[in-house]
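These notes are about the structure you will find just below.
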Amino acid sequence: MPIPPEVTGEEIDPDVRQELMSLPKGLADDVARNLVMVAQLIDEDPEKAYGYSRVALRLASRVAAVREAAGFAAYATQKYAEALAEFRAARRMTGSVELWPVMADCERGLGRPERALAMAGEPEVQKLDRAGQVEMRLVAAGARRDMGQLDAAIVTLQSPELASNANHPWTARLRYAYADALLAAGRENEAREWFAKALEADKDGSTDASDRLAELDGVEFVDAFDDEDEDNSEGSGAAEDLDESADEGTDEDDEDVEHLDKD
């Protein structure tokens with residue numbers, strides 16, 4: 001797959017660059033450039049990112065960072081079985097537990113929420129940092145909802161992190177998930193309160209909390225272009241009326257001329 005010439009591979013995370021040092025120089029550069037493309041495209045064009053990840057995987061399948069990148073690219077394109085296999089491979093290589101929550105979410109994607117819940121109770125969760133534990137809580141709550149256990153999902157999300165007034169990278173998503181669960185359970189007033197709290201914490205627009213609030217408030221968004229089309233249509237109708245009037249006036253004038261000629 002073509003890579004823009006301005007992508008050198010130097011943009012890669014230093015830790016990943018260090019991992020690639022085990023490869024020959026030219027090969028390491030090729031892998032690095034493909035990984036940069038994965039990172040750049042995974043949000044805006046997941047399918048293309050997936051393509052670049054497959055190239056990197058073909059070149060360096062024994063590098064944990066490559067397996068992890070391939071996992072996230074597969075996850076972004078909803079290829080959950082493939083993603084899970086890559087995450088497991090990366091975990092075997094590194095011994096790290098940081099991929100545990102996304103591995104559990106892959107189980108959800110494969111229609112196995114009970115396995116995700118079982119993973120939420122494993123000792124690995126205690127080894128996660130705070131962000132990882134919050135992520136695991138979100139996955140567990142999602143699994144509960146998959147199984148139709150709304151009240152249990154709500155309880156799962158109730159935590160010190162949810163109650164905290166501090167704003168962390170996970171705060172908006174946690175509050176949003178809680179609001180969404182409350183709404184699904186028919187607790188609309190509480191849901192509105194938590195969507196508002198999610199919006200307050202959402203500095204980078206990672207959720208659509210503002211839209212959800214507007215829906216609850218019964219606000220309808222009108223497309224300005226539709227208004228313009230209607231105005232143009234009305235204007236066109238008015239112009240047609242003027243043309244018709246002008247034509248009628250012309251006919252009357254012709255009749256007057258005929259009367260004058262007869263006289």
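Please note that chains go A, B, ... in the order of the structure tokens, that every chain numbers its residues from 1, and that ligands are numbered from 1 in the order shown.
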
With region 56-73 of chain A as the partner and 12 Å as the cut-off, tabulate the residues of region 89-187 of chain A that qualify, each row holding the nearest pair of atoms and their distance in Å to one decimal, using only C-alpha atoms, sorted by chain and rising number, as a tab-separated table.
residue	atom	partner	partner_atom	distance
A:Ala89	CA	A:Arg67	CA	6.8
A:Ala90	CA	A:Ala64	CA	4.8
A:Arg91	CA	A:Ala64	CA	7.8
A:Arg92	CA	A:Ala64	CA	8.7
A:Met93	CA	A:Ala64	CA	6.0
A:Thr94	CA	A:Ala64	CA	6.9
A:Gly95	CA	A:Ala64	CA	10.3
A:Ser96	CA	A:Ala64	CA	10.6
A:Glu98	CA	A:Glu68	CA	10.9
A:Leu99	CA	A:Glu68	CA	8.7
A:Val102	CA	A:Phe72	CA	8.9
A:Met103	CA	A:Gly71	CA	9.5
A:Asp105	CA	A:Phe72	CA	11.8
A:Cys106	CA	A:Gly71	CA	10.1

Find the spatial neighbours of Leu150 (chain A), counting only C-alpha atoms, within a cut-off of 8 Å - ignore same-chain residues fewer than 5 positions away - and output them as a PyMOL selection string.
chain A and resi 144-145+181+184-185

Write out, as a PDB file, in the first residue's frame, the residues just selected, with C-alpha atoms.
ATOM      1  CA  ARG A 144     -24.730  -6.713  31.662  1.00  0.00           C
ATOM      2  CA  ARG A 145     -26.811  -4.692  29.221  1.00  0.00           C
ATOM      3  CA  ALA A 181     -28.155   3.007  31.179  1.00  0.00           C
ATOM      4  CA  ALA A 184     -32.731   2.601  29.042  1.00  0.00           C
ATOM      5  CA  ALA A 185     -34.171   1.786  32.470  1.00  0.00           C
TER       6      ALA A 185
END

DSSP on the backbone: which residues in region 3-235 of chain A end up as helix (DSSP H, G or I)? Give the answer as JSON, numbers by chain.
{"A": [14, 15, 16, 17, 18, 19, 20, 25, 26, 27, 28, 29, 30, 31, 32, 33, 34, 35, 36, 37, 38, 39, 40, 41, 46, 47, 48, 49, 50, 51, 52, 53, 54, 55, 56, 57, 58, 59, 64, 65, 66, 67, 68, 69, 70, 71, 72, 73, 74, 75, 76, 80, 81, 82, 83, 84, 85, 86, 87, 88, 89, 90, 91, 92, 93, 94, 100, 101, 102, 103, 104, 105, 106, 107, 108, 109, 113, 114, 115, 116, 117, 118, 119, 120, 123, 124, 125, 126, 127, 130, 131, 132, 133, 134, 135, 136, 137, 138, 139, 140, 141, 142, 143, 144, 145, 146, 150, 151, 152, 153, 154, 155, 156, 157, 160, 161, 162, 163, 171, 172, 173, 174, 175, 176, 177, 178, 179, 180, 181, 182, 183, 184, 188, 189, 190, 191, 192, 193, 194, 195, 196, 197, 198, 199, 200, 201, 209, 210, 211, 212, 213, 214, 215, 216, 224, 225, 226, 227, 228, 229, 230, 231, 232, 233, 234, 235]}

12 Å contact set for region 107-109 of chain A, only C-alpha atoms, chain neighbours under 2 positions out, as a ChimeraX atom specification:
/A:74-85,87,100-105,111-120,138-147

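Minimum distance to Ala201 (chain A) across A:Ser53, A:Gln133, A:Asn167, A:Ser22 (counting only C-alpha atoms) occurs at A:Asn167.
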
Expressed in Å to a single decimal, how great is the separation between CA of Ala198 (chain A) and CA of Ser210 (chain A)?
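Atom-to-atom, CA of Ala198 (chain A) and CA of Ser210 (chain A) are spaced 8.8 Å apart.
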
Hey, which of A:Lys25, A:Leu174, A:Asp45, A:Val219 ends up closest to Leu199 (chain A)? Count only C-alpha atoms.
A:Leu174
